[in-house]
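J.: One structure, pasted below without further comment.
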Amino acid sequence: MDERKPCIFLVDDSIVNLNTGKAAMQHKYTVITIPSGEKLMLTLKKVKPDLILLDIEMPGMSGYDTIKALKSNPDTADIPVIFLTGKNELENELLGLSLGAVDYITKPFSHAILLKRVELHLLLQAQKNELREFNDNLLDMVDERVKEISALQNAIIVWAAEIIEFRDEETGQHIDRVQKYLEILLEAMQKTIQYTAELATWDIRAFLKSALLHDVGKIKIRDDILLKPSRLTEEEFAKMKLHSLYGRMLLESLEEKIPNQTFLDYAKILAYWHHERWDGTGYPDQLKGEEIPLQARMMAIVDVYDALVSNRPYKKAFSHEEAMQIIVEGRGSQFDQNLVDLFVDLSDKIQIVSEGMKNA
């Protein structure tokens, strides 16, 4: 099959110039002759050429008027235009180039020069098109890579969550509910002046993903402690508290293998500090008030709430109303008082999620 010939539009009001130009180029290109700027604009609605040879001095639309129209239309702006003119003044050439022409050929033109100029600019345009296609493909490749990384993150998080759930079925349901409570609380916080500025700096999707890993350190807690059907002794509780340290250690180990992952930054905060208390009596670092990262203060409330309304080996579930009352009683001592107030305002939404996910 023959290779497609590049299509050239030759626009000139002189029938002699149209015939001469077509004769010079038709052995190498498909040449369409057009007698005016107005007819060029009509023809462009049907055919898009690879290059336009455009006379400047024409009745009606001049070459300058025509190129302005071409460059103002996104569909034709990238077509290379070479001006043909009998004028040889420098200021005319500069004006043509400033309007977007790629070259300027003075009439009467040499056939050989005309062919060489056309060949040169078709080659340059082909290279520009290749570069544009390469950039488009590169963007697609980057987008695909981002999707792969996101899929990897999700796989890691789900994998870790499933390991926890394998040991304690209730824990697996717990982390799903806690993630949903956090989402509800976040939506409310984003509407307040107090938290808007800080939340604007967060990667919300990464934060919510990381919530699934807040209890990952429990992987290293012995079954006889983790699943004990009665209250822990003081010594056992001391060992249970180590799950926050273990969680951070496990996540730091993972970070060494896949660095620069935002969700791991959030996960370390949640895993390590979600048992800190507002009054400074929590663990592991006895942080107090706003020393505790906001992410961990949020998790502290939703984590305790879900533990209260859930059955545990050592206790029966509290009602939603009882759990909310306990959360309120911890306002300003165990929990951030402002977050407690927001959480209580969201009571109905929280209850719907709590009961709905338990019955699912």
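Residues in the structure tokens are numbered from 1 in each chain, the chains being A, B, ... in the order shown, and ligands are numbered from 1 in the order shown.
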Would you mind listing, for every residue of region 294-351 of chain A within 9 Å of region 231-254 of chain A, the two atoms forming the shortest contact and the distance between them in Å to one decimal, using only C-alpha atoms, sorted by chain and ascending residue number, as a Markdown table?

T.:
```
| residue | atom | partner | partner_atom | distance |
| --- | --- | --- | --- | --- |
| A:Pro313 | CA | A:Arg231 | CA | 8.7 |
| A:Tyr314 | CA | A:Arg231 | CA | 5.8 |
| A:Lys315 | CA | A:Arg231 | CA | 8.6 |
```

J.: Save the residues we just selected, N, CA and C atoms, as a PDB file, in the first residue's frame?

T.:
```
ATOM      1  N   PRO A 313     -14.040 -10.541  74.826  1.00  0.00           N
ATOM      2  CA  PRO A 313     -13.955 -11.764  75.629  1.00  0.00           C
ATOM      3  C   PRO A 313     -14.227 -11.528  77.114  1.00  0.00           C
ATOM      4  N   TYR A 314     -13.937 -10.307  77.576  1.00  0.00           N
ATOM      5  CA  TYR A 314     -14.058 -10.005  79.000  1.00  0.00           C
ATOM      6  C   TYR A 314     -15.303  -9.191  79.351  1.00  0.00           C
ATOM      7  N   LYS A 315     -16.157  -8.813  78.374  1.00  0.00           N
ATOM      8  CA  LYS A 315     -17.323  -7.992  78.687  1.00  0.00           C
ATOM      9  C   LYS A 315     -18.399  -8.104  77.611  1.00  0.00           C
TER      10      LYS A 315
END
```

J.: Would you give me, as a tab-separated table, each residue of region 161-238 of chain A having an atom within 10 Å of an atom of region 298-303 of chain A, along with its shortest atom pair and that distance in Å to one decimal, using only C-alpha atoms and sorting by chain and residue number?

T.:
```
residue	atom	partner	partner_atom	distance
A:His174	CA	A:Asp303	CA	8.3
A:Ile175	CA	A:Asp303	CA	8.6
A:Arg177	CA	A:Val302	CA	8.9
A:Val178	CA	A:Val302	CA	5.9
A:Gln179	CA	A:Val302	CA	8.7
A:Lys180	CA	A:Val302	CA	9.4
A:Tyr181	CA	A:Val302	CA	6.3
A:Leu182	CA	A:Val302	CA	6.8
A:Leu185	CA	A:Met298	CA	8.0
A:Leu186	CA	A:Met298	CA	8.8
A:Ala211	CA	A:Met299	CA	8.1
A:His214	CA	A:Met299	CA	8.5
A:Asp215	CA	A:Asp303	CA	9.9
```

J.: I'd like to know which of A:Ala296, A:Ile258, A:Leu208, A:Ala112 is closest to Leu152 (chain A), using only C-alpha atoms.

T.: A:Ile258

J.: Can you pull out every residue within 8 Å of Gly86 (chain A), counting only C-alpha atoms, but drop anything in the same chain fewer than 6 positions away, and send it as a PyMOL selection string?

T.: chain A and resi 106-108

J.: Restrict the calculation to only C-alpha atoms, then for each residue of region 50-85 of chain A with any atom at most 6 Å from an atom of region 6-24 of chain A give the closest atom pair and their distance in Å to one decimal, rows by chain and rising residue number, as a Markdown table.

T.:
```
| residue | atom | partner | partner_atom | distance |
| --- | --- | --- | --- | --- |
| A:Asp50 | CA | A:Cys7 | CA | 5.3 |
| A:Leu51 | CA | A:Ile8 | CA | 5.2 |
| A:Ile52 | CA | A:Phe9 | CA | 4.7 |
| A:Leu53 | CA | A:Leu10 | CA | 4.8 |
| A:Leu54 | CA | A:Val11 | CA | 4.9 |
| A:Asp55 | CA | A:Asp12 | CA | 5.1 |
| A:Met58 | CA | A:Asp13 | CA | 5.9 |
```

J.: Export, as a PDB file, in the first residue's frame, the selected residues with all heavy atoms.

T.:
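Saved the output as out_16.pdb:
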```pdb
ATOM      1  N   ASP A  50      -1.684  19.120   6.406  1.00  0.00           N
ATOM      2  CA  ASP A  50      -0.449  19.028   7.190  1.00  0.00           C
ATOM      3  C   ASP A  50       0.287  20.359   7.222  1.00  0.00           C
ATOM      4  O   ASP A  50       1.079  20.607   8.154  1.00  0.00           O
ATOM      5  CB  ASP A  50       0.462  17.947   6.597  1.00  0.00           C
ATOM      6  CG  ASP A  50      -0.170  16.579   6.676  1.00  0.00           C
ATOM      7  OD1 ASP A  50      -0.257  16.031   7.792  1.00  0.00           O
ATOM      8  OD2 ASP A  50      -0.612  16.061   5.625  1.00  0.00           O
ATOM      9  N   LEU A  51       0.033  21.206   6.230  1.00  0.00           N
ATOM     10  CA  LEU A  51       0.716  22.497   6.154  1.00  0.00           C
ATOM     11  C   LEU A  51      -0.074  23.416   5.234  1.00  0.00           C
ATOM     12  O   LEU A  51      -0.739  22.953   4.299  1.00  0.00           O
ATOM     13  CB  LEU A  51       2.151  22.319   5.637  1.00  0.00           C
ATOM     14  CG  LEU A  51       3.067  23.544   5.539  1.00  0.00           C
ATOM     15  CD1 LEU A  51       4.511  23.156   5.893  1.00  0.00           C
ATOM     16  CD2 LEU A  51       3.049  24.136   4.128  1.00  0.00           C
ATOM     17  N   ILE A  52      -0.019  24.732   5.500  1.00  0.00           N
ATOM     18  CA  ILE A  52      -0.704  25.720   4.661  1.00  0.00           C
ATOM     19  C   ILE A  52       0.306  26.710   4.107  1.00  0.00           C
ATOM     20  O   ILE A  52       1.102  27.288   4.866  1.00  0.00           O
ATOM     21  CB  ILE A  52      -1.778  26.480   5.466  1.00  0.00           C
ATOM     22  CG1 ILE A  52      -2.868  25.527   5.954  1.00  0.00           C
ATOM     23  CG2 ILE A  52      -2.392  27.600   4.617  1.00  0.00           C
ATOM     24  CD1 ILE A  52      -3.881  26.170   6.891  1.00  0.00           C
ATOM     25  N   LEU A  53       0.301  26.892   2.777  1.00  0.00           N
ATOM     26  CA  LEU A  53       1.058  27.951   2.114  1.00  0.00           C
ATOM     27  C   LEU A  53       0.072  29.083   1.867  1.00  0.00           C
ATOM     28  O   LEU A  53      -0.927  28.902   1.159  1.00  0.00           O
ATOM     29  CB  LEU A  53       1.652  27.457   0.794  1.00  0.00           C
ATOM     30  CG  LEU A  53       2.760  26.406   0.939  1.00  0.00           C
ATOM     31  CD1 LEU A  53       3.013  25.712  -0.399  1.00  0.00           C
ATOM     32  CD2 LEU A  53       4.053  27.031   1.444  1.00  0.00           C
ATOM     33  N   LEU A  54       0.319  30.249   2.470  1.00  0.00           N
ATOM     34  CA  LEU A  54      -0.703  31.289   2.524  1.00  0.00           C
ATOM     35  C   LEU A  54      -0.191  32.618   1.962  1.00  0.00           C
ATOM     36  O   LEU A  54       0.794  33.180   2.455  1.00  0.00           O
ATOM     37  CB  LEU A  54      -1.145  31.485   3.985  1.00  0.00           C
ATOM     38  CG  LEU A  54      -2.212  32.530   4.277  1.00  0.00           C
ATOM     39  CD1 LEU A  54      -3.518  32.179   3.576  1.00  0.00           C
ATOM     40  CD2 LEU A  54      -2.422  32.639   5.797  1.00  0.00           C
ATOM     41  N   ASP A  55      -0.868  33.091   0.925  1.00  0.00           N
ATOM     42  CA  ASP A  55      -0.547  34.403   0.362  1.00  0.00           C
ATOM     43  C   ASP A  55      -0.989  35.490   1.351  1.00  0.00           C
ATOM     44  O   ASP A  55      -1.983  35.318   2.068  1.00  0.00           O
ATOM     45  CB  ASP A  55      -1.287  34.570  -0.973  1.00  0.00           C
ATOM     46  CG  ASP A  55      -0.895  35.861  -1.696  1.00  0.00           C
ATOM     47  OD1 ASP A  55       0.228  36.356  -1.445  1.00  0.00           O
ATOM     48  OD2 ASP A  55      -1.707  36.354  -2.480  1.00  0.00           O
ATOM     49  N   MET A  58      -4.431  39.395  -0.360  1.00  0.00           N
ATOM     50  CA  MET A  58      -5.599  38.836  -1.032  1.00  0.00           C
ATOM     51  C   MET A  58      -6.790  39.742  -0.748  1.00  0.00           C
ATOM     52  O   MET A  58      -6.879  40.338   0.343  1.00  0.00           O
ATOM     53  CB  MET A  58      -5.898  37.414  -0.517  1.00  0.00           C
ATOM     54  CG  MET A  58      -4.829  36.390  -0.810  1.00  0.00           C
ATOM     55  SD  MET A  58      -5.302  34.717  -0.274  1.00  0.00           S
ATOM     56  CE  MET A  58      -5.348  34.913   1.512  1.00  0.00           C
TER      57      MET A  58
END
```

J.: Please identify the strand (DSSP E) residues within region 6-218 of chain A (assignment by DSSP from backbone atoms) and present them as a list of chain:residue names.

T.: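 Residues meeting the strand (DSSP E) criterion: A:Cys7, A:Ile8, A:Phe9, A:Leu10, A:Val11, A:Thr30, A:Val31, A:Ile32, A:Thr33, A:Ile34, A:Leu51, A:Ile52, A:Leu53, A:Leu54, A:Asp55, A:Val81, A:Ile82, A:Phe83, A:Leu84, A:Thr85, A:Asp103, A:Tyr104, A:Ile105, A:Thr106.
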
J.: Using DSSP assignments from the backbone, pull out every residue in region 46-213 of chain A that falls under helix (DSSP H, G or I) and give it to me as a VMD selection string.

T.: chain A and resid 63 to 72 90 to 98 111 to 167 169 to 189 193 to 199 204 to 213

J.: Counting only C-alpha atoms, what is within 12 Å of Gln351 (chain A), bar same-chain residues fewer than 5 positions away, as a list in words?

T.: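 My reading of the contact set: Arg177, Lys180, Tyr181, Ile184, Val302, Tyr305, Asp306, Val309, Ser319, His320, Glu321, Glu322, Ala323, Met324, Phe343, Val344, Asp345, Leu346, Gly356, Met357 and Lys358 of chain A.
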
J.: Asp279 (chain A): which residues within 9 Å, counting only C-alpha atoms, same-chain residues fewer than 6 positions away excluded, as a list in words?

T.: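 The filter keeps Gln286, Leu287, Lys288, Gly289, Gly332, Ser333, Gln334 and Phe335 of chain A.
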
J.: One decimal, Å: what's the distance from CA of Ala188 (chain A) over to CA of Val304 (chain A), could you say?

T.: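 Spanning CA of Ala188 (chain A) to CA of Val304 (chain A) is a straight-line distance of 19.1 Å.
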
J.: Which polymer residues have any atom within 12 Å of an atom of region 127-137 of chain A, counting only C-alpha atoms, with same-chain residues fewer than 4 positions away left out, as a list in words?

T.: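 These residues fall inside the cut-off: Asp50, Asp78, Ile79, Pro80, Leu120, His121, Leu122, Leu123, Met141, Val142, Asp143 and Glu144 of chain A.
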
J.: Those selected residues, please, written with N, CA and C atoms and delivered as a tab-separated table (two decimals), in the first residue's frame.

T.:
```
chain	number	residue	atom	x	y	z
A	50	ASP	N	-1.68	19.12	6.41
A	50	ASP	CA	-0.45	19.03	7.19
A	50	ASP	C	0.29	20.36	7.22
A	78	ASP	N	-2.55	24.44	15.45
A	78	ASP	CA	-1.26	23.76	15.35
A	78	ASP	C	-0.82	23.46	13.92
A	79	ILE	N	-1.61	23.88	12.91
A	79	ILE	CA	-1.21	23.65	11.52
A	79	ILE	C	-0.11	24.66	11.14
A	80	PRO	N	1.04	24.19	10.70
A	80	PRO	CA	2.11	25.13	10.33
A	80	PRO	C	1.71	25.95	9.10
A	120	LEU	N	11.16	20.75	5.11
A	120	LEU	CA	11.72	21.06	6.43
A	120	LEU	C	10.62	21.22	7.48
A	121	HIS	N	9.60	21.98	7.16
A	121	HIS	CA	8.59	22.26	8.16
A	121	HIS	C	7.64	21.08	8.40
A	122	LEU	N	7.45	20.25	7.41
A	122	LEU	CA	6.70	19.01	7.64
A	122	LEU	C	7.47	18.09	8.58
A	123	LEU	N	8.80	18.06	8.41
A	123	LEU	CA	9.63	17.24	9.29
A	123	LEU	C	9.58	17.76	10.72
A	141	MET	N	1.69	6.60	31.35
A	141	MET	CA	2.55	5.68	32.10
A	141	MET	C	2.63	6.10	33.57
A	142	VAL	N	2.75	7.42	33.79
A	142	VAL	CA	2.80	7.92	35.17
A	142	VAL	C	1.49	7.62	35.88
A	143	ASP	N	0.37	7.86	35.18
A	143	ASP	CA	-0.94	7.59	35.76
A	143	ASP	C	-1.09	6.11	36.10
A	144	GLU	N	-0.61	5.26	35.21
A	144	GLU	CA	-0.69	3.82	35.45
A	144	GLU	C	0.17	3.43	36.64
```

J.: Pick from A:Val340, A:Ala101, A:Ile352, A:Leu70: nearest to Leu84 (chain A), with only C-alpha atoms counted?

T.: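 The closest residue to Leu84 (chain A) is A:Ala101.
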
J.: Go through A:Asp341, A:Glu148, A:Glu355, A:Asp223 and flag the residue nearest Met189 (chain A), using only C-alpha atoms for the distances.

T.: A:Asp341

J.: Could you check how far CA of Ser62 (chain A) sits from CA of Val31 (chain A), in Å to one decimal?

T.: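 Distance between the two atoms: 20.9 Å.
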